[in-house]
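*Asks:* Quick one: structure below, then a few questions.
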Amino acid sequence: MGKDILLKVSGLHASVGEKEILRGIDLEIRKGEVHAVMGPNGSGKSTLSSVLTGKPDYTVTGGSVYFNGEDLLAMKPEERSWAGLFMSFQYPVEIPGVTITNFMKSALDARRKAHGQEPLSGAEYLRLLREKMASVGMKPEFAKREVNVGFSGGEKKRNEIFQMAMLDPVLSILDETDSGLDVDALKIVASGVNALRSPEKSSIIITHYQKLLDYVKPDVVHVLKEGKIVLTGGLEIIEMIEKEGFDRF
Amino acid sequence: MGKVVDHGNYVPAAIPSQALQAGRGEVLDKVYVLDGNSCPQIPAAVVVDADASVRLTFIALPGSRADISLDVFIRGPHSDVSLSGVFVESGDDSISLNVNMRHLSPDCTSDQLFNTLASGSSRFDFHGKIIVAPEGQKTESFQTNRNILLSDEAQVLTKPQLEIYADDVKCSHGATIGRLNEEEQFYMRSRGIPENEARGLQMLSFISPVLDRLPSGSDIPGRLEQAIRSL
Ligand SMILES: Nc1ncnc2c1ncn2[C@@H]1O[C@H](COP(=O)(O)OP(=O)(O)OP(=O)(O)O)[C@@H](O)[C@H]1O
Ligand SMILES: [Mg+2]
């Protein structure tokens, strides 16, 4: 495997119960690349994200996934996070009784521990928290709110981007993070992704809309349909889909 | 919950001679901790006079066995009773809790909140009855029992009941039995929080409404947290 490959998915099959949803996915992402994944509703985009991040509901029935040369499918969800994988959820989950401050502190401490580092001091942590909240335009009072509880749709998405900024991932998967966002929030998501852009880091942007891709120009575009990648190419695909929909695939 | 008004056969219960007394205007705030080795003397009955305020909290740490029966007689107006509890069970622990909240006087309030975490092959039984006598007009009485099963072998039986003989009251009761939410767990784990710790955060969040009622400076939240992390 070439040194610059960050993620290599080969012949990936996954099911829920008896139902096969991913039917042989091949995907190669190099360091520094941004990939867009488009496809009709129900084609398996979120399932692919969930399988990559290790959601227990899905059973992998075939294929392999290597992340930075490591067998991703053998890792627990938390180990995948420590290795630098992040997913912005299409439907962020509410965690009653756990504040954003405590949630992110637990997340950062656990990762630092896994890497043999001391936890951040309270003051260092709060400084980081405030800085990252400000960078995504979240009001400071959100720090004390319970994670996603009572958040508006847009606020939840913004919270995902905040967490992404805190965790500084190597590979970010954004599952329809742009859906339901106003123009300003969309720009924040775009600048969040662009801020992480570096020769070492990559992202997968799942979207139904051209808008976000205007701000974050992907290097590669894939079309996912019925659990398979049916087309891979460049920006021209986005325009084609915009004009003709997915019927031609 | 709708009102069940039963104008029929209200039978007053006799007040036992051995009872914890909250005299007129008195404020009582007691915490009973069961921690396996020691089981405190829990009164079988509480008598509450006018304008009194009674708050009793029950905490069970793993390794406890108990059979708690509590009859509360609210017999003077404008008094308030709050009962709450956290029961953390493991192994073959067994706790049964039997509460009769008797509103015998008008204009009183009472509230009950019991949260149980049952692991291992432990067992929790709750029988809770709110009884509003014909004299208990303008009563407000609430009762909640929430339970989380942490294993397939743990058992919970919960039976909340209302017996209301007055027509101008606000009463409700509710009970739930469930498991820790797996969507929440996956969300936390995807952020790098290990599974054990994610479960710990969920359990602490589950008991926190009761902890909020404890006097500040209490060492109980710390002890419960430690117990939960060892489940
Ligand atoms: N846990 C599950 N149980 C049953 N079916 C599931 C489950 N998860 C996904 N599916 C099914 O798998 C298919 C793919 O779903 P998925 O959420 O991956 O689609 P998607 O491409 O993300 O769609 P959208 O654009 O609407 O977000 C759908 O038919 C969906 O109903
Ligand atoms: Mg989806």
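Chain lettering (A, B, ...) mirrors the order of the structure tokens, residue numbering begins at 1 for each chain separately, and ligand numbering begins at 1 in order of display.
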Write out as a tab-separated table the residues of chain B that have any atom within 8 Å of an atom of chain A, one row each with the nearest atom pair and its distance in Å to one decimal, counting only C-alpha atoms, sorted by chain and then rising number.

*Replies:*
residue	atom	partner	partner_atom	distance
B:Glu183	CA	A:Val93	CA	7.0
B:Glu184	CA	A:Ile95	CA	6.1
B:Phe186	CA	A:Lys55	CA	6.5
B:Tyr187	CA	A:Val93	CA	6.6
B:Met188	CA	A:Ala107	CA	7.8
B:Arg189	CA	A:Glu78	CA	4.7
B:Ser190	CA	A:Pro77	CA	5.3
B:Arg191	CA	A:Ala107	CA	5.8
B:Gly192	CA	A:Glu78	CA	4.1
B:Ile193	CA	A:Ala107	CA	4.9
B:Pro194	CA	A:Glu78	CA	5.7
B:Glu195	CA	A:Glu78	CA	7.7
B:Leu201	CA	A:Val98	CA	7.1
B:Gln202	CA	A:Gly97	CA	7.7
B:Ser205	CA	A:Gly97	CA	4.6
B:Phe206	CA	A:Gly97	CA	7.4
B:Ser208	CA	A:Gly97	CA	7.6

*Asks:* Please provide the set of residues having any atom within 6 Å of B:Ile59, restricted to only C-alpha atoms, with same-chain residues fewer than 2 positions apart removed, written as a PyMOL selection string.

*Replies:* chain B and resi 33+85-87

*Asks:* Would you list the contacts of A:Gly180 as number ranges by chain, taking every protein, DNA or RNA residue within 12 Å and counting only C-alpha atoms, but skipping same-chain residues closer than 6 positions in sequence?

*Replies:* A: 90-91, 152-158, 186, 207-209, 212

*Asks:* Show me which residues are within 9 Å of ligand 2 counting only C-alpha atoms and all ligand atoms, and format the list as a short mmCIF file (atom, residue, chain, number, x, y, z; two decimals) with C-alpha atoms, in the first residue's frame.

*Replies:*
data_model
loop_
_atom_site.label_atom_id
_atom_site.label_comp_id
_atom_site.auth_asym_id
_atom_site.auth_seq_id
_atom_site.Cartn_x
_atom_site.Cartn_y
_atom_site.Cartn_z
CA ASN A 41 -31.74 8.76 -0.22
CA GLY A 42 -31.29 5.30 1.21
CA SER A 43 -28.29 4.46 -0.96
CA GLY A 44 -26.09 3.66 2.06
CA LYS A 45 -24.09 6.85 2.67
CA SER A 46 -24.81 7.02 6.40
CA THR A 47 -24.37 3.27 6.68
CA SER A 49 -20.07 6.34 7.74
CA PHE A 89 -23.53 12.70 12.66
CA GLN A 90 -26.39 13.26 10.25
CA TYR A 91 -28.62 13.07 13.32
CA ASP A 175 -22.62 13.22 7.01
CA GLU A 176 -24.97 15.87 5.64
CA ILE A 206 -21.55 13.49 2.25
CA THR A 207 -24.04 15.93 0.83
#

*Asks:* Could you pull out the residues in stretch 13-245 of chain A that DSSP calls strand (DSSP E) from the backbone, as a ChimeraX atom specification?

*Replies:* /A:13-16,19-30,34-38,59-67,70-71,85-88,95-99,146-147,171-175,202-206,220-225,228-233

*Asks:* Of the candidates A:Lys211, A:Arg248, A:Arg23, A:His115, which shows the shortest atom-to-atom distance to ligand 1, using only C-alpha atoms and all ligand atoms?

*Replies:*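 Of A:Lys211, A:Arg248, A:Arg23, A:His115, the one nearest ligand 1 is A:Arg23, counting only C-alpha atoms and all ligand atoms.
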
*Asks:* Tell me, as a ChimeraX atom specification, which residues lie within 7 Å of stretch 154-163 of chain B, counting only C-alpha atoms; anything in the same chain fewer than 4 positions away does not count.

*Replies:* /B:4,118-132,149,173-175

*Asks:* Next, write the just-selected residues to a file, as a short mmCIF file (atom, residue, chain, number, x, y, z; two decimals), in the first residue's frame, keeping all heavy atoms as the atom set.

*Replies:*
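Written output follows (result-v5.cif):
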data_model
loop_
_atom_site.label_atom_id
_atom_site.label_comp_id
_atom_site.auth_asym_id
_atom_site.auth_seq_id
_atom_site.Cartn_x
_atom_site.Cartn_y
_atom_site.Cartn_z
N VAL B 4 -58.57 9.12 39.66
CA VAL B 4 -59.45 8.01 39.99
C VAL B 4 -60.14 8.41 41.28
O VAL B 4 -59.55 8.38 42.34
CB VAL B 4 -58.65 6.71 40.24
CG1 VAL B 4 -59.59 5.54 40.44
CG2 VAL B 4 -57.68 6.48 39.10
N ALA B 118 -30.05 -1.63 38.44
CA ALA B 118 -29.98 -3.03 38.88
C ALA B 118 -29.05 -3.82 37.97
O ALA B 118 -29.32 -3.96 36.78
CB ALA B 118 -31.38 -3.64 38.87
N SER B 119 -27.98 -4.34 38.56
CA SER B 119 -27.05 -5.15 37.78
C SER B 119 -27.02 -6.56 38.36
O SER B 119 -27.75 -6.87 39.30
CB SER B 119 -25.66 -4.52 37.77
OG SER B 119 -25.07 -4.64 39.05
N GLY B 120 -26.15 -7.39 37.80
CA GLY B 120 -26.01 -8.76 38.30
C GLY B 120 -27.32 -9.51 38.24
O GLY B 120 -28.06 -9.43 37.27
N SER B 121 -27.64 -10.21 39.34
CA SER B 121 -28.93 -10.90 39.39
C SER B 121 -29.75 -10.27 40.52
O SER B 121 -30.48 -10.95 41.23
CB SER B 121 -28.73 -12.39 39.62
OG SER B 121 -27.99 -12.57 40.82
N SER B 122 -29.61 -8.96 40.66
CA SER B 122 -30.27 -8.27 41.76
C SER B 122 -31.75 -8.09 41.46
O SER B 122 -32.23 -8.32 40.35
CB SER B 122 -29.62 -6.91 41.99
OG SER B 122 -29.78 -6.10 40.87
N ARG B 123 -32.44 -7.63 42.49
CA ARG B 123 -33.88 -7.53 42.39
C ARG B 123 -34.35 -6.28 43.13
O ARG B 123 -33.87 -5.96 44.20
CB ARG B 123 -34.48 -8.77 43.05
CG ARG B 123 -35.92 -8.92 42.79
CD ARG B 123 -36.55 -10.11 43.43
NE ARG B 123 -37.95 -9.77 43.37
CZ ARG B 123 -38.79 -10.22 42.45
NH1 ARG B 123 -38.40 -11.12 41.60
NH2 ARG B 123 -40.03 -9.79 42.41
N PHE B 124 -35.31 -5.58 42.51
CA PHE B 124 -35.89 -4.40 43.16
C PHE B 124 -37.40 -4.47 43.02
O PHE B 124 -37.92 -4.72 41.94
CB PHE B 124 -35.35 -3.12 42.51
CG PHE B 124 -35.88 -1.86 43.14
CD1 PHE B 124 -35.40 -1.42 44.37
CD2 PHE B 124 -36.88 -1.12 42.51
CE1 PHE B 124 -35.91 -0.25 44.96
CE2 PHE B 124 -37.38 0.05 43.09
CZ PHE B 124 -36.88 0.47 44.31
N ASP B 125 -38.07 -4.28 44.14
CA ASP B 125 -39.54 -4.28 44.15
C ASP B 125 -40.03 -2.97 44.69
O ASP B 125 -39.63 -2.58 45.78
CB ASP B 125 -40.05 -5.39 45.09
CG ASP B 125 -39.88 -6.76 44.48
OD1 ASP B 125 -40.79 -7.18 43.74
OD2 ASP B 125 -38.82 -7.37 44.73
N PHE B 126 -40.91 -2.35 43.96
CA PHE B 126 -41.47 -1.10 44.46
C PHE B 126 -42.99 -1.19 44.47
O PHE B 126 -43.63 -1.51 43.47
CB PHE B 126 -41.03 0.07 43.57
CG PHE B 126 -41.63 1.39 43.97
CD1 PHE B 126 -41.31 1.97 45.19
CD2 PHE B 126 -42.52 2.05 43.12
CE1 PHE B 126 -41.88 3.19 45.57
CE2 PHE B 126 -43.08 3.28 43.50
CZ PHE B 126 -42.76 3.84 44.71
N HIS B 127 -43.55 -0.91 45.64
CA HIS B 127 -44.99 -0.75 45.74
C HIS B 127 -45.24 0.62 46.33
O HIS B 127 -44.80 0.90 47.44
CB HIS B 127 -45.60 -1.80 46.68
CG HIS B 127 -45.57 -3.17 46.11
ND1 HIS B 127 -46.64 -3.73 45.47
CD2 HIS B 127 -44.57 -4.08 46.05
CE1 HIS B 127 -46.31 -4.94 45.04
NE2 HIS B 127 -45.05 -5.17 45.38
N GLY B 128 -45.84 1.47 45.56
CA GLY B 128 -46.05 2.82 46.07
C GLY B 128 -47.49 3.22 45.89
O GLY B 128 -48.06 3.09 44.81
N LYS B 129 -48.07 3.69 46.96
CA LYS B 129 -49.48 4.08 46.87
C LYS B 129 -49.64 5.51 47.38
O LYS B 129 -49.10 5.87 48.43
CB LYS B 129 -50.31 3.13 47.73
CG LYS B 129 -51.76 3.01 47.28
CD LYS B 129 -52.58 2.21 48.25
CE LYS B 129 -52.63 0.74 47.87
NZ LYS B 129 -53.54 -0.02 48.76
N ILE B 130 -50.36 6.29 46.59
CA ILE B 130 -50.76 7.61 47.07
C ILE B 130 -52.23 7.49 47.47
O ILE B 130 -53.06 7.07 46.67
CB ILE B 130 -50.61 8.67 45.94
CG1 ILE B 130 -49.14 8.83 45.53
CG2 ILE B 130 -51.22 10.00 46.38
CD1 ILE B 130 -48.94 9.71 44.30
N ILE B 131 -52.51 7.83 48.72
CA ILE B 131 -53.88 7.73 49.21
C ILE B 131 -54.33 9.13 49.63
O ILE B 131 -53.70 9.75 50.49
CB ILE B 131 -53.97 6.79 50.43
CG1 ILE B 131 -53.44 5.41 50.02
CG2 ILE B 131 -55.40 6.70 50.96
CD1 ILE B 131 -52.72 4.68 51.12
N VAL B 132 -55.38 9.64 48.99
CA VAL B 132 -55.88 10.95 49.37
C VAL B 132 -57.26 10.75 50.01
O VAL B 132 -58.22 10.33 49.35
CB VAL B 132 -55.97 11.91 48.17
CG1 VAL B 132 -56.42 13.28 48.62
CG2 VAL B 132 -54.62 11.99 47.45
N LEU B 149 -32.15 -1.58 33.96
CA LEU B 149 -31.61 -2.94 34.08
C LEU B 149 -30.26 -2.97 33.37
O LEU B 149 -30.17 -2.63 32.20
CB LEU B 149 -32.55 -3.95 33.41
CG LEU B 149 -33.96 -4.06 34.01
CD1 LEU B 149 -34.84 -4.95 33.12
CD2 LEU B 149 -33.89 -4.63 35.41
N HIS B 173 -48.60 9.53 38.85
CA HIS B 173 -47.56 8.55 39.15
C HIS B 173 -47.04 7.99 37.84
O HIS B 173 -47.70 8.04 36.81
CB HIS B 173 -48.07 7.45 40.06
CG HIS B 173 -49.16 6.62 39.47
ND1 HIS B 173 -49.78 5.62 40.13
CD2 HIS B 173 -49.75 6.65 38.25
CE1 HIS B 173 -50.69 5.06 39.38
NE2 HIS B 173 -50.69 5.66 38.22
N GLY B 174 -45.83 7.50 37.88
CA GLY B 174 -45.27 6.93 36.66
C GLY B 174 -44.13 6.02 37.01
O GLY B 174 -43.43 6.23 37.99
N ALA B 175 -43.96 5.00 36.18
CA ALA B 175 -42.85 4.08 36.40
C ALA B 175 -42.28 3.68 35.05
O ALA B 175 -43.01 3.53 34.08
CB ALA B 175 -43.32 2.84 37.16
#

*Asks:* Using DSSP secondary structure from the backbone, list all alpha helix (DSSP H) positions within stretch 66-96 of chain A, as a short mmCIF file (atom, residue, chain, number, x, y, z; two decimals) with all heavy atoms, in the first residue's frame.

*Replies:*
data_model
loop_
_atom_site.label_atom_id
_atom_site.label_comp_id
_atom_site.auth_asym_id
_atom_site.auth_seq_id
_atom_site.Cartn_x
_atom_site.Cartn_y
_atom_site.Cartn_z
N PRO A 77 -14.97 1.60 18.55
CA PRO A 77 -15.28 2.97 18.13
C PRO A 77 -14.36 4.00 18.80
O PRO A 77 -13.88 4.93 18.14
CB PRO A 77 -16.73 3.17 18.58
CG PRO A 77 -17.31 1.80 18.64
CD PRO A 77 -16.19 0.88 19.00
N GLU A 78 -14.11 3.83 20.11
CA GLU A 78 -13.28 4.83 20.80
C GLU A 78 -11.83 4.78 20.31
O GLU A 78 -11.16 5.81 20.22
CB GLU A 78 -13.37 4.66 22.32
CG GLU A 78 -13.08 3.27 22.90
CD GLU A 78 -14.33 2.41 23.02
OE1 GLU A 78 -15.19 2.46 22.13
OE2 GLU A 78 -14.44 1.66 24.03
N GLU A 79 -11.36 3.57 19.96
CA GLU A 79 -9.99 3.45 19.44
C GLU A 79 -9.87 4.12 18.08
O GLU A 79 -8.85 4.72 17.76
CB GLU A 79 -9.60 1.97 19.34
CG GLU A 79 -9.47 1.30 20.70
CD GLU A 79 -9.33 -0.22 20.61
OE1 GLU A 79 -9.74 -0.81 19.59
OE2 GLU A 79 -8.83 -0.81 21.59
N ARG A 80 -10.95 4.04 17.30
CA ARG A 80 -10.94 4.69 15.98
C ARG A 80 -10.85 6.20 16.16
O ARG A 80 -10.16 6.90 15.41
CB ARG A 80 -12.20 4.31 15.20
CG ARG A 80 -12.29 2.80 14.98
CD ARG A 80 -13.52 2.42 14.17
NE ARG A 80 -13.77 0.98 14.32
CZ ARG A 80 -14.45 0.23 13.48
NH1 ARG A 80 -15.00 0.79 12.40
NH2 ARG A 80 -14.64 -1.06 13.69
N SER A 81 -11.56 6.69 17.17
CA SER A 81 -11.50 8.13 17.46
C SER A 81 -10.08 8.52 17.88
O SER A 81 -9.54 9.53 17.42
CB SER A 81 -12.51 8.47 18.55
OG SER A 81 -12.28 9.75 19.07
N TRP A 82 -9.48 7.73 18.75
CA TRP A 82 -8.12 8.05 19.22
C TRP A 82 -7.14 8.04 18.05
O TRP A 82 -6.15 8.78 18.05
CB TRP A 82 -7.64 7.04 20.28
CG TRP A 82 -8.51 6.98 21.49
CD1 TRP A 82 -9.33 7.97 21.96
CD2 TRP A 82 -8.68 5.86 22.39
NE1 TRP A 82 -10.00 7.54 23.09
CE2 TRP A 82 -9.61 6.26 23.37
CE3 TRP A 82 -8.14 4.58 22.46
CZ2 TRP A 82 -10.02 5.42 24.41
CZ3 TRP A 82 -8.54 3.74 23.49
CH2 TRP A 82 -9.46 4.16 24.45
#

*Asks:* Could you check the closest approach to ligand 1 for each of A:Gly62, A:Pro119, A:Gly245, A:Gly17 and tell me which residue wins, using only C-alpha atoms and all ligand atoms?

*Replies:*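 Under the stated criterion, the closest residue is A:Gly17.
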